[in-house]
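Asker: Coordinates in entry_23.txt, compact mmCIF, C-alpha atoms, are listed below.
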```txt
# COMPACT_ATOMS: atom_id res chain seq x y z
CA MET A 69 -24.34 6.78 -26.80
CA ALA A 70 -21.20 8.40 -28.17
CA LEU A 71 -18.25 8.65 -25.84
CA SER A 72 -15.86 11.55 -25.40
CA SER A 73 -12.13 10.99 -25.73
CA SER A 74 -11.84 10.53 -21.94
CA GLY A 75 -14.39 7.71 -21.92
CA HIS A 76 -17.27 9.68 -20.38
CA PRO A 77 -20.58 10.00 -22.22
CA ALA A 78 -20.41 12.99 -24.53
CA THR A 79 -23.92 14.08 -23.57
CA THR A 80 -22.92 14.19 -19.91
CA ARG A 81 -19.94 16.38 -20.78
CA LEU A 82 -22.17 18.68 -22.78
CA LEU A 83 -24.67 18.96 -19.92
CA PHE A 84 -21.92 19.94 -17.48
CA SER A 85 -20.65 22.55 -19.94
CA LEU A 86 -24.06 24.14 -20.39
CA LEU A 87 -24.60 24.41 -16.64
CA LEU A 88 -21.27 26.04 -15.87
CA VAL A 89 -21.57 29.44 -14.23
CA GLY A 90 -18.22 30.86 -15.21
CA SER A 91 -14.47 30.92 -14.78
CA ALA A 92 -11.88 33.35 -13.50
CA ALA A 93 -10.51 34.00 -16.97
CA GLY A 94 -13.94 34.67 -18.48
CA LEU A 95 -13.41 31.85 -20.98
CA PRO A 96 -16.28 29.99 -22.62
CA GLU A 97 -17.29 27.17 -20.29
CA ARG A 98 -15.99 24.24 -22.34
CA ALA A 99 -12.74 26.04 -23.06
CA ALA A 100 -12.15 26.69 -19.36
CA ILE A 101 -12.53 23.02 -18.42
CA ASP A 102 -10.37 21.88 -21.34
CA ARG A 103 -7.67 24.34 -20.33
CA VAL A 104 -7.64 23.00 -16.76
CA ASN A 105 -7.51 19.39 -17.92
CA ARG A 106 -4.63 20.09 -20.32
CA ARG A 107 -2.45 20.65 -17.25
CA GLY A 108 -2.66 16.91 -16.69
CA PRO A 109 -4.28 14.88 -13.91
CA SER A 110 -5.00 16.58 -10.59
CA LEU A 111 -5.81 15.35 -7.11
CA GLY A 112 -9.26 16.33 -5.92
CA LEU A 113 -9.19 17.81 -2.40
CA VAL A 114 -12.51 18.20 -0.59
CA MET A 115 -13.60 19.52 2.80
CA SER A 116 -17.06 20.17 4.26
CA TYR A 117 -16.98 23.07 6.72
CA VAL A 118 -15.98 26.68 6.10
CA ASP A 119 -13.44 26.47 8.97
CA GLU A 120 -11.76 23.56 7.20
CA ALA A 121 -11.47 25.53 3.95
CA THR A 122 -10.24 28.59 5.89
CA ALA A 123 -7.41 26.49 7.33
CA LEU A 124 -6.24 25.71 3.80
CA GLN A 125 -6.57 29.28 2.57
CA ALA A 126 -4.60 30.66 5.53
CA SER A 127 -1.88 28.00 5.41
CA GLY A 128 -0.14 29.05 2.21
CA TYR A 129 0.08 25.41 1.10
CA PHE A 130 -2.20 25.93 -1.89
CA GLN A 131 -0.75 27.89 -4.82
CA PRO A 132 -3.46 29.10 -7.24
CA TRP A 133 -2.90 28.59 -10.95
CA ARG A 134 -2.43 32.09 -12.30
CA ALA A 135 -3.76 31.26 -15.74
CA LEU A 136 -7.13 30.11 -14.36
CA PRO A 137 -7.45 30.07 -10.55
CA PHE A 138 -11.01 28.77 -10.35
CA VAL A 139 -14.05 27.46 -12.21
CA ASP A 140 -17.59 27.92 -10.84
CA LEU A 141 -19.93 24.99 -11.32
CA TYR A 142 -23.35 24.23 -9.79
CA GLY A 143 -22.92 27.04 -7.29
CA ARG A 144 -19.57 25.71 -6.03
CA ARG A 145 -16.13 27.11 -6.71
CA TYR A 146 -13.48 24.64 -7.83
CA HIS A 147 -10.07 26.14 -7.08
CA ILE A 148 -7.31 25.25 -9.52
CA GLY A 149 -3.70 25.18 -8.35
CA SER A 150 -1.05 23.03 -6.71
CA ILE A 151 0.25 21.83 -3.35
CA ARG A 152 3.93 20.94 -3.01
CA GLY A 153 4.21 20.87 -6.80
CA VAL A 154 1.27 18.47 -7.24
CA ASN A 155 -1.73 19.57 -9.32
CA VAL A 156 -4.73 20.00 -7.02
CA ILE A 157 -8.35 21.06 -7.50
CA TYR A 158 -10.08 21.78 -4.21
CA ALA A 159 -13.70 22.47 -3.36
CA LEU A 160 -15.81 23.13 -0.29
CA THR A 161 -18.58 20.52 -0.46
CA GLY A 162 -20.95 21.77 2.20
CA GLN A 163 -22.27 19.58 4.99
CA ARG A 164 -23.77 16.09 4.90
CA ARG A 165 -23.58 13.30 2.39
CA LEU A 166 -25.61 14.64 -0.54
CA ASN A 167 -23.45 17.76 -0.82
CA ALA A 168 -20.31 15.68 -0.44
CA ALA A 169 -21.35 13.13 -3.07
CA VAL A 170 -22.40 15.77 -5.63
CA THR A 171 -19.10 17.63 -5.26
CA VAL A 172 -16.95 14.51 -5.61
CA GLN A 173 -19.00 13.23 -8.56
CA THR A 174 -18.57 16.58 -10.31
CA LEU A 175 -14.81 16.50 -9.77
CA ILE A 176 -14.61 13.00 -11.23
CA ASP A 177 -16.89 13.62 -14.21
CA VAL A 178 -15.77 17.10 -15.27
CA PHE A 179 -12.09 17.30 -14.42
CA SER A 180 -9.14 15.01 -15.01
CA VAL A 181 -8.83 13.70 -11.44
CA SER A 182 -6.53 10.86 -10.41
CA GLY A 183 -7.78 10.54 -6.83
CA ILE A 184 -9.78 12.15 -4.02
CA VAL A 185 -8.27 13.36 -0.73
CA HIS A 186 -10.77 14.25 2.00
CA TYR A 187 -9.88 16.03 5.22
CA GLY A 188 -11.88 17.63 8.01
CA THR A 189 -12.93 17.39 11.64
CA ALA A 190 -14.73 14.62 13.51
CA GLY A 191 -16.10 13.64 16.89
CA SER A 192 -14.34 10.88 18.80
CA CYS A 193 -16.22 7.74 19.85
CA ASN A 194 -13.06 6.06 21.12
CA ASP A 195 -11.56 7.16 24.44
CA SER A 196 -8.07 6.21 23.22
CA ILE A 197 -8.00 9.09 20.72
CA SER A 198 -8.38 12.65 21.88
CA PHE A 199 -8.57 16.29 20.86
CA GLY A 200 -6.23 17.29 18.04
CA ASP A 201 -5.40 13.70 17.04
CA VAL A 202 -5.76 12.85 13.35
CA SER A 203 -7.45 9.59 12.39
CA VAL A 204 -6.66 7.93 9.06
CA PRO A 205 -9.38 5.26 8.93
CA ARG A 206 -9.04 2.09 6.93
CA LEU A 207 -12.82 1.56 6.87
CA VAL A 208 -15.82 3.89 7.00
CA ALA A 209 -19.56 3.16 7.18
CA TYR A 210 -22.79 5.07 6.80
CA THR A 211 -24.64 4.57 10.09
CA GLY A 212 -27.63 6.74 9.27
CA ALA A 213 -29.67 4.19 7.28
CA TRP A 214 -32.11 2.27 9.48
CA THR A 215 -35.15 0.09 9.50
CA TRP A 216 -37.19 1.54 12.38
CA LYS A 217 -38.94 -1.31 14.16
CA PHE A 218 -41.82 -1.34 16.63
CA ARG A 219 -40.52 -4.03 18.94
CA SER A 220 -37.75 -3.03 21.34
CA PRO A 221 -36.07 -6.38 22.13
CA ARG A 222 -32.90 -6.79 20.10
CA GLU A 223 -33.07 -9.38 17.33
CA SER A 224 -29.56 -8.99 15.87
CA SER A 225 -26.22 -7.50 16.84
CA ALA A 226 -26.41 -4.47 14.51
CA GLU A 227 -29.45 -3.06 16.25
CA LEU A 228 -30.14 -0.20 18.68
CA SER A 229 -32.93 -1.02 21.13
CA PHE A 230 -34.31 2.07 22.85
CA GLY A 231 -35.64 -0.06 25.70
CA GLU A 232 -32.07 -0.69 26.86
CA TYR A 233 -31.79 3.01 27.65
CA ASN A 234 -35.00 3.40 29.67
CA VAL A 235 -34.78 5.65 32.71
CA PRO A 236 -34.81 5.00 35.63
CA ASP A 237 -34.22 1.24 35.35
CA GLY A 238 -32.11 1.34 32.15
CA GLY A 239 -32.13 -2.41 32.07
CA GLY A 240 -34.29 -3.05 29.08
CA GLY A 241 -37.99 -3.56 28.60
CA GLU A 242 -40.42 -2.07 26.12
CA ASN A 243 -40.17 1.42 24.71
CA LEU A 244 -42.63 2.93 22.27
CA LEU A 245 -39.76 4.10 20.05
CA GLY A 246 -38.96 0.43 19.41
CA SER A 247 -35.54 -0.19 17.87
CA LEU A 248 -33.32 0.62 14.89
CA LYS A 249 -31.82 -2.04 12.65
CA TYR A 250 -28.82 -0.77 10.68
CA ARG A 251 -28.95 -1.22 6.92
CA ASN A 252 -26.28 -1.86 4.32
CA GLU A 253 -25.56 0.48 1.43
CA GLU A 254 -25.97 -0.52 -2.22
CA LEU A 255 -22.60 -0.11 -3.93
CA TYR A 256 -22.55 0.11 -7.72
CA SER A 257 -19.04 -0.36 -9.12
CA ALA A 258 -17.71 -0.27 -12.66
CA GLY A 259 -17.69 -3.76 -14.15
CA LYS A 260 -19.26 -5.40 -11.09
CA PRO A 261 -22.79 -6.32 -10.06
CA MET A 262 -24.38 -4.25 -7.30
CA GLU A 263 -23.38 -5.44 -3.85
CA GLU A 264 -24.68 -4.61 -0.40
CA VAL A 265 -21.92 -3.41 1.90
CA PHE A 266 -21.68 -1.94 5.36
CA TRP A 267 -17.97 -1.10 5.53
CA LEU A 268 -16.27 0.86 2.77
CA PRO A 269 -12.47 0.63 2.56
CA VAL A 270 -10.24 3.51 1.53
CA HIS A 271 -7.73 2.82 -1.26
CA SER A 272 -5.30 0.19 0.06
CA ALA A 273 -2.16 1.47 -1.70
CA TRP A 274 -2.89 5.04 -0.62
CA PHE A 275 -3.44 3.87 2.95
CA ARG A 276 0.00 2.21 2.94
CA THR A 277 1.51 5.45 1.66
CA ALA A 278 -0.20 7.39 4.44
CA GLU A 279 1.18 4.97 7.05
CA GLN A 280 4.68 6.11 6.12
CA LEU A 281 3.94 9.68 7.24
CA THR A 282 5.59 9.23 10.60
CA VAL A 283 7.08 12.73 10.95
CA VAL A 284 4.31 15.32 10.75
CA GLU A 285 4.46 18.15 13.27
CA LEU A 286 0.90 18.59 14.53
CA GLU A 287 -0.28 21.72 16.32
CA ARG A 288 -0.83 21.55 20.06
CA CYS A 289 -2.07 25.11 20.67
CA ASN A 290 -4.32 27.66 19.05
CA ASP A 291 -5.05 31.27 20.04
CA THR A 292 -7.22 30.28 22.99
CA PHE A 293 -6.17 26.85 24.22
CA CYS A 294 -3.27 24.40 24.49
CA LEU A 295 -3.78 20.64 24.59
CA PRO A 296 -2.36 18.84 27.64
CA THR A 297 -0.45 16.37 25.42
CA ALA A 298 0.93 16.45 21.90
CA PRO A 299 -1.58 15.17 19.30
CA ARG A 300 -0.74 12.17 17.14
CA ILE A 301 -1.73 10.41 13.91
CA VAL A 302 -3.72 7.21 14.40
CA TYR A 303 -3.98 4.70 11.54
CA GLY A 304 -6.33 1.87 10.69
CA LEU A 305 -9.35 2.64 12.86
CA LYS A 306 -12.99 2.70 11.74
CA GLY A 307 -15.00 5.82 11.00
CA SER A 308 -18.70 6.37 10.47
CA SER A 309 -20.91 9.04 8.91
CA ALA A 310 -24.55 10.06 9.25
CA ASP A 311 -26.59 13.11 8.34
CA MET A 312 -26.57 14.43 11.89
CA PHE A 313 -24.26 16.18 14.32
CA LEU A 314 -23.69 13.72 17.16
CA ASP A 315 -23.76 15.19 20.68
CA ASN A 316 -24.89 12.24 22.78
CA ALA A 317 -22.53 10.29 25.02
CA GLU A 318 -24.64 7.11 25.15
CA TYR A 319 -24.97 6.84 21.38
CA ARG A 320 -21.26 7.55 21.00
CA LYS A 321 -20.53 4.62 23.35
CA PHE A 322 -22.98 2.43 21.43
CA LEU A 323 -21.24 3.08 18.10
CA PHE A 324 -17.88 2.17 19.59
CA GLN A 325 -19.10 -0.94 21.41
CA GLU A 326 -21.30 -2.23 18.58
CA PHE A 327 -19.24 -1.40 15.50
CA GLY A 328 -15.81 -0.40 16.78
CA VAL A 329 -16.30 3.11 15.39
CA SER A 330 -13.63 5.58 16.54
CA THR A 331 -14.67 8.78 14.75
CA MET A 332 -18.03 10.18 13.67
CA ASP A 333 -18.67 12.78 10.94
CA GLU A 334 -21.25 13.60 8.28
CA GLU A 335 -19.45 13.15 4.93
CA SER A 336 -16.60 10.60 4.85
CA ALA A 337 -18.70 7.59 3.84
CA ALA A 338 -20.27 9.52 0.96
CA VAL A 339 -16.86 10.67 -0.28
CA VAL A 340 -15.42 7.15 -0.14
CA MET A 341 -18.46 5.52 -1.75
CA THR A 342 -18.66 8.05 -4.59
CA ALA A 343 -14.98 7.64 -5.45
CA THR A 344 -15.01 3.86 -5.03
CA SER A 345 -17.83 3.36 -7.53
CA PRO A 346 -15.73 4.31 -10.62
CA GLY A 347 -12.52 2.95 -9.05
CA ILE A 348 -10.92 6.29 -8.15
CA PRO A 349 -8.39 6.16 -5.25
CA VAL A 350 -9.67 7.86 -2.10
CA ILE A 351 -8.43 8.50 1.44
CA VAL A 352 -9.73 10.29 4.54
CA PHE A 353 -8.02 12.39 7.22
CA ARG A 354 -10.12 13.51 10.19
CA GLY A 355 -8.93 15.68 13.08
CA VAL A 356 -10.71 15.19 16.41
CA SER A 357 -12.47 18.38 17.54
CA ASP A 358 -14.91 16.95 20.12
CA LEU A 359 -16.01 13.77 21.88
CA ALA A 360 -19.38 13.51 20.10
CA GLY A 361 -21.19 14.04 23.40
CA GLY A 362 -20.36 14.37 27.07
CA GLU A 363 -17.24 16.51 26.70
CA PRO A 364 -16.58 20.00 28.11
CA THR A 365 -18.52 22.71 26.28
CA TRP A 366 -15.36 24.40 25.01
CA SER A 367 -14.06 21.51 22.94
CA SER A 368 -15.99 21.65 19.66
CA THR A 369 -15.82 25.43 19.35
CA SER A 370 -12.32 26.04 20.74
CA LEU A 371 -10.64 23.14 18.94
CA MET A 372 -12.42 23.19 15.56
CA ASN A 373 -9.67 25.18 13.89
CA LEU A 374 -6.89 23.21 15.59
CA ALA A 375 -8.38 19.90 14.46
CA SER A 376 -8.84 21.30 10.94
CA ILE A 377 -5.22 22.46 10.77
CA ASN A 378 -3.87 19.11 11.97
CA ALA A 379 -5.98 17.12 9.51
CA LEU A 380 -4.86 19.49 6.74
CA LYS A 381 -1.19 19.07 7.68
CA VAL A 382 -1.38 15.30 7.33
CA ALA A 383 -3.33 15.60 4.06
CA VAL A 384 -0.70 17.96 2.63
CA GLU A 385 2.15 15.60 3.51
CA PHE A 386 0.21 12.77 1.92
CA ILE A 387 -0.33 14.78 -1.28
CA ALA A 388 3.42 15.47 -1.43
CA ALA A 389 4.18 11.76 -0.92
CA VAL A 390 1.73 10.71 -3.66
CA GLY A 391 3.26 13.30 -6.00
CA LYS A 392 6.74 11.99 -5.26
CA HIS A 393 5.67 8.39 -5.96
CA SER A 394 4.04 9.45 -9.24
CA SER A 395 7.17 11.31 -10.34
CA THR A 396 9.37 8.31 -9.51
CA ALA A 397 7.09 5.98 -11.46
CA SER A 398 7.14 8.33 -14.47
CA VAL A 399 10.95 8.45 -14.45
CA LYS A 400 11.13 4.63 -14.33
CA ARG A 401 8.72 4.35 -17.27
```
As structure tokens, how would this structure be written, given the file I've shared?

Answerer:
Amino acid sequence: MALSSSGHPATTRLLFSLLLVGSAAGLPERAAIDRVNRRGPSLGLVMSYVDEATALQASGYFQPWRALPFVDLYGRRYHIGSIRGVNVIYALTGQRRLNAAVTVQTLIDVFSVSGIVHYGTAGSCNDSISFGDVSVPRLVAYTGAWTWKFRSPRESSAELSFGEYNVPDGGGGENLLGSLKYRNEELYSAGKPMEEVFWLPVHSAWFRTAEQLTVVELERCNDTFCLPTAPRIVYGLKGSSADMFLDNAEYRKFLFQEFGVSTMDEESAAVVMTATSPGIPVIVFRGVSDLAGGEPTWSSTSLMNLASINALKVAVEFIAAVGKHSSTASVKR
């Protein structure tokens, strides 16, 4: 198969071009993409919920590119512009892992993207992190792939036995729902054989850069509520994703006790896995909006925008830091 100048299959490029819906400048599809890519590499910025995208739009951080502010592709709008002088293309993925993976794969295949930055909200499974805090996980896992077994008694550590949650005794025994055994993901990477993995690491060099973001002023209040303490950035914890919204205190506790999971969302693992496969740097920033079950009813609705804003603030400072490192490296070269 013939390859394009960027190393991607030419037929894949052609397919993407034919399926383009349009661009802001009304250019032919191929010309619009080429014009965007001639700006040079961009960082891909992705979020999943409308509230998370609204936080970016209202912040003033993102400066649209006047020549061509967006390209529409597969029903999604890819916004072209910059943040703190760094080229950025951002897109709202939609919820859950398939939407997230398709959006990230499109960014990587169609545009000249040097890395993927993902921000959004999450539920907390760890009592040491609270509302408004921003988690920068070192590892994420997909905890929604199971082998559903008939027998309840636990046979391995990575297993959820429903019998252990029987009411009223709650001490074990048989349950007709049996048990769930957690499964690994199949990771296909460029130049490597397929490997089964449970934990997916974010890019190590990017994580070290993020750890240097010690002075980021996070929001404590929104229009309806003020947090009792100032939120903070927490580094190096574990996050998990599944195609469900978690609102169950017992399962939240199980994830923390069994896997050490501190935050739960629906997309992070898909974003990290999709970027990791071709070797593209990737990092995740998640603001805590709820306790994933058992919290006051106001938390997830009242603090969604606050958590989104705080995650965005850390992501923006990271983008600026990455841009500064890239500029310094270019000068040295």

Asker: Determine, counting only C-alpha atoms, which protein, DNA and RNA residues have an atom within 6 Å of an atom of stretch 199-213 of chain A; residues of the same chain fewer than 4 positions away are not included. Present the result as a list in words.

Answerer: Arg251, Phe266, Trp267, Leu268, Pro269, Val270, Pro299, Arg300, Ile301, Val302, Tyr303, Gly304, Leu305, Lys306, Gly307, Ser308, Ser309, Ala310, Ala337, Val352, Phe353, Arg354, Gly355, Val356, Ser357, Ala375 and Ala379 of chain A

Asker: Please write the residues from the selection above to a file, keeping C-alpha atoms, as a PDB file, keeping the file's coordinate frame.

Answerer:
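Heads up, here's the output in part-v2.pdb:
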```pdb
ATOM      1  CA  ARG A 251     -28.950  -1.220   6.920  1.00  0.00           C
ATOM      2  CA  PHE A 266     -21.680  -1.940   5.360  1.00  0.00           C
ATOM      3  CA  TRP A 267     -17.970  -1.100   5.530  1.00  0.00           C
ATOM      4  CA  LEU A 268     -16.270   0.860   2.770  1.00  0.00           C
ATOM      5  CA  PRO A 269     -12.470   0.630   2.560  1.00  0.00           C
ATOM      6  CA  VAL A 270     -10.240   3.510   1.530  1.00  0.00           C
ATOM      7  CA  PRO A 299      -1.580  15.170  19.300  1.00  0.00           C
ATOM      8  CA  ARG A 300      -0.740  12.170  17.140  1.00  0.00           C
ATOM      9  CA  ILE A 301      -1.730  10.410  13.910  1.00  0.00           C
ATOM     10  CA  VAL A 302      -3.720   7.210  14.400  1.00  0.00           C
ATOM     11  CA  TYR A 303      -3.980   4.700  11.540  1.00  0.00           C
ATOM     12  CA  GLY A 304      -6.330   1.870  10.690  1.00  0.00           C
ATOM     13  CA  LEU A 305      -9.350   2.640  12.860  1.00  0.00           C
ATOM     14  CA  LYS A 306     -12.990   2.700  11.740  1.00  0.00           C
ATOM     15  CA  GLY A 307     -15.000   5.820  11.000  1.00  0.00           C
ATOM     16  CA  SER A 308     -18.700   6.370  10.470  1.00  0.00           C
ATOM     17  CA  SER A 309     -20.910   9.040   8.910  1.00  0.00           C
ATOM     18  CA  ALA A 310     -24.550  10.060   9.250  1.00  0.00           C
ATOM     19  CA  ALA A 337     -18.700   7.590   3.840  1.00  0.00           C
ATOM     20  CA  VAL A 352      -9.730  10.290   4.540  1.00  0.00           C
ATOM     21  CA  PHE A 353      -8.020  12.390   7.220  1.00  0.00           C
ATOM     22  CA  ARG A 354     -10.120  13.510  10.190  1.00  0.00           C
ATOM     23  CA  GLY A 355      -8.930  15.680  13.080  1.00  0.00           C
ATOM     24  CA  VAL A 356     -10.710  15.190  16.410  1.00  0.00           C
ATOM     25  CA  SER A 357     -12.470  18.380  17.540  1.00  0.00           C
ATOM     26  CA  ALA A 375      -8.380  19.900  14.460  1.00  0.00           C
ATOM     27  CA  ALA A 379      -5.980  17.120   9.510  1.00  0.00           C
TER      28      ALA A 379
END
```

Asker: Check the smallest atom-to-atom distance from each of A:Ile387, A:Ala99, A:Leu160, A:Leu255 to A:Glu335 using all atoms listed in the file, then report the winner.

Answerer: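 Nearest to A:Glu335: A:Leu160.
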
Asker: In terms of the shortest atom-to-atom distance over all atoms listed in the file, which of A:Asp291, A:Glu334, A:Asp358, A:Glu227 is closest to A:Gly191?

Answerer: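 Result for the nearest residue to A:Gly191: A:Asp358.
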
Asker: Of the residues A:Val114, A:Ile348, A:Phe386, A:Phe138, which is the one nearest to A:Glu279, using all atoms listed in the file?

Answerer: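 Closest to A:Glu279 of all the choices is A:Phe386.
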
Asker: When you draw a straight line from atom CA of A:Glu263 to atom CA of A:Pro346, how long is it in Å?

Answerer: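 Between atom CA of A:Glu263 and atom CA of A:Pro346 the gap is 14.1 Å.
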
Asker: Neighbouring residues of stretch 128-133 of chain A were defined as those with any atom within 10 Å, considering only C-alpha atoms; residues of the same chain fewer than 3 positions away were excluded. Please report them as a list of chain:residue names.

Answerer: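 Residues meeting the cut-off are A:Val104, A:Ala123, A:Leu124, A:Gln125, A:Leu136, A:Pro137, A:Phe138, A:His147, A:Ile148, A:Gly149, A:Ser150, A:Ile151, A:Arg152, A:Gly153, A:Val154, A:Asn155, A:Val156, A:Ile157, A:Tyr158, A:Leu380, A:Lys381, A:Val384.
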
Asker: Keeping only C-alpha atoms, write the selected residues as an mmCIF file, keeping the file's coordinate frame.

Answerer:
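Output saved as out.cif:
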```
data_model
loop_
_atom_site.group_PDB
_atom_site.id
_atom_site.type_symbol
_atom_site.label_atom_id
_atom_site.label_comp_id
_atom_site.auth_asym_id
_atom_site.auth_seq_id
_atom_site.Cartn_x
_atom_site.Cartn_y
_atom_site.Cartn_z
ATOM 1 C CA VAL A 104 -7.640 23.000 -16.760
ATOM 2 C CA ALA A 123 -7.410 26.490 7.330
ATOM 3 C CA LEU A 124 -6.240 25.710 3.800
ATOM 4 C CA GLN A 125 -6.570 29.280 2.570
ATOM 5 C CA LEU A 136 -7.130 30.110 -14.360
ATOM 6 C CA PRO A 137 -7.450 30.070 -10.550
ATOM 7 C CA PHE A 138 -11.010 28.770 -10.350
ATOM 8 C CA HIS A 147 -10.070 26.140 -7.080
ATOM 9 C CA ILE A 148 -7.310 25.250 -9.520
ATOM 10 C CA GLY A 149 -3.700 25.180 -8.350
ATOM 11 C CA SER A 150 -1.050 23.030 -6.710
ATOM 12 C CA ILE A 151 0.250 21.830 -3.350
ATOM 13 C CA ARG A 152 3.930 20.940 -3.010
ATOM 14 C CA GLY A 153 4.210 20.870 -6.800
ATOM 15 C CA VAL A 154 1.270 18.470 -7.240
ATOM 16 C CA ASN A 155 -1.730 19.570 -9.320
ATOM 17 C CA VAL A 156 -4.730 20.000 -7.020
ATOM 18 C CA ILE A 157 -8.350 21.060 -7.500
ATOM 19 C CA TYR A 158 -10.080 21.780 -4.210
ATOM 20 C CA LEU A 380 -4.860 19.490 6.740
ATOM 21 C CA LYS A 381 -1.190 19.070 7.680
ATOM 22 C CA VAL A 384 -0.700 17.960 2.630
#
```

Asker: Can you tell me which residues surround stretch 311-315 of chain A at a distance of at most 12 Å, considering all atoms listed in the file, apart from same-chain residues fewer than 2 positions away, and format the answer as an NGL selection string?

Answerer: :A and (163-168 or 189-193 or 210-213 or 308-309 or 317-321 or 323 or 331-338 or 358-365 or 367-368)

Asker: Nearest to A:Thr342 among A:Ser116, A:Thr161, A:Thr282, A:Ser257, with distances taken over only C-alpha atoms: which residue is it?

Answerer: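 Nearest to A:Thr342: A:Ser257.
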
Asker: Select, from A:Thr344, A:Asn316, A:Asn105, A:Ser376, the residue with the minimum atom-to-atom distance to A:Glu287, counting only C-alpha atoms.

Answerer: A:Ser376

Asker: Would you mind telling me which residue in A:Arg145, A:His271, A:Arg107, A:Arg134 lies nearest to A:Val340 when using all atoms listed in the file?

Answerer: A:His271

Asker: Report, in Å with one decimal, the straight-line distance from atom CA of A:Ala126 to atom CA of A:Ala343.

Answerer: 27.5 Å

Asker: Set the distance at 7 Å and use all atoms listed in the file: which residues neighbour A:Ile351 once local chain neighbours fewer than 4 positions away are removed? I'd like the list as a PyMOL selection string.

Answerer: chain A and resi 184-186+270-271+274-275
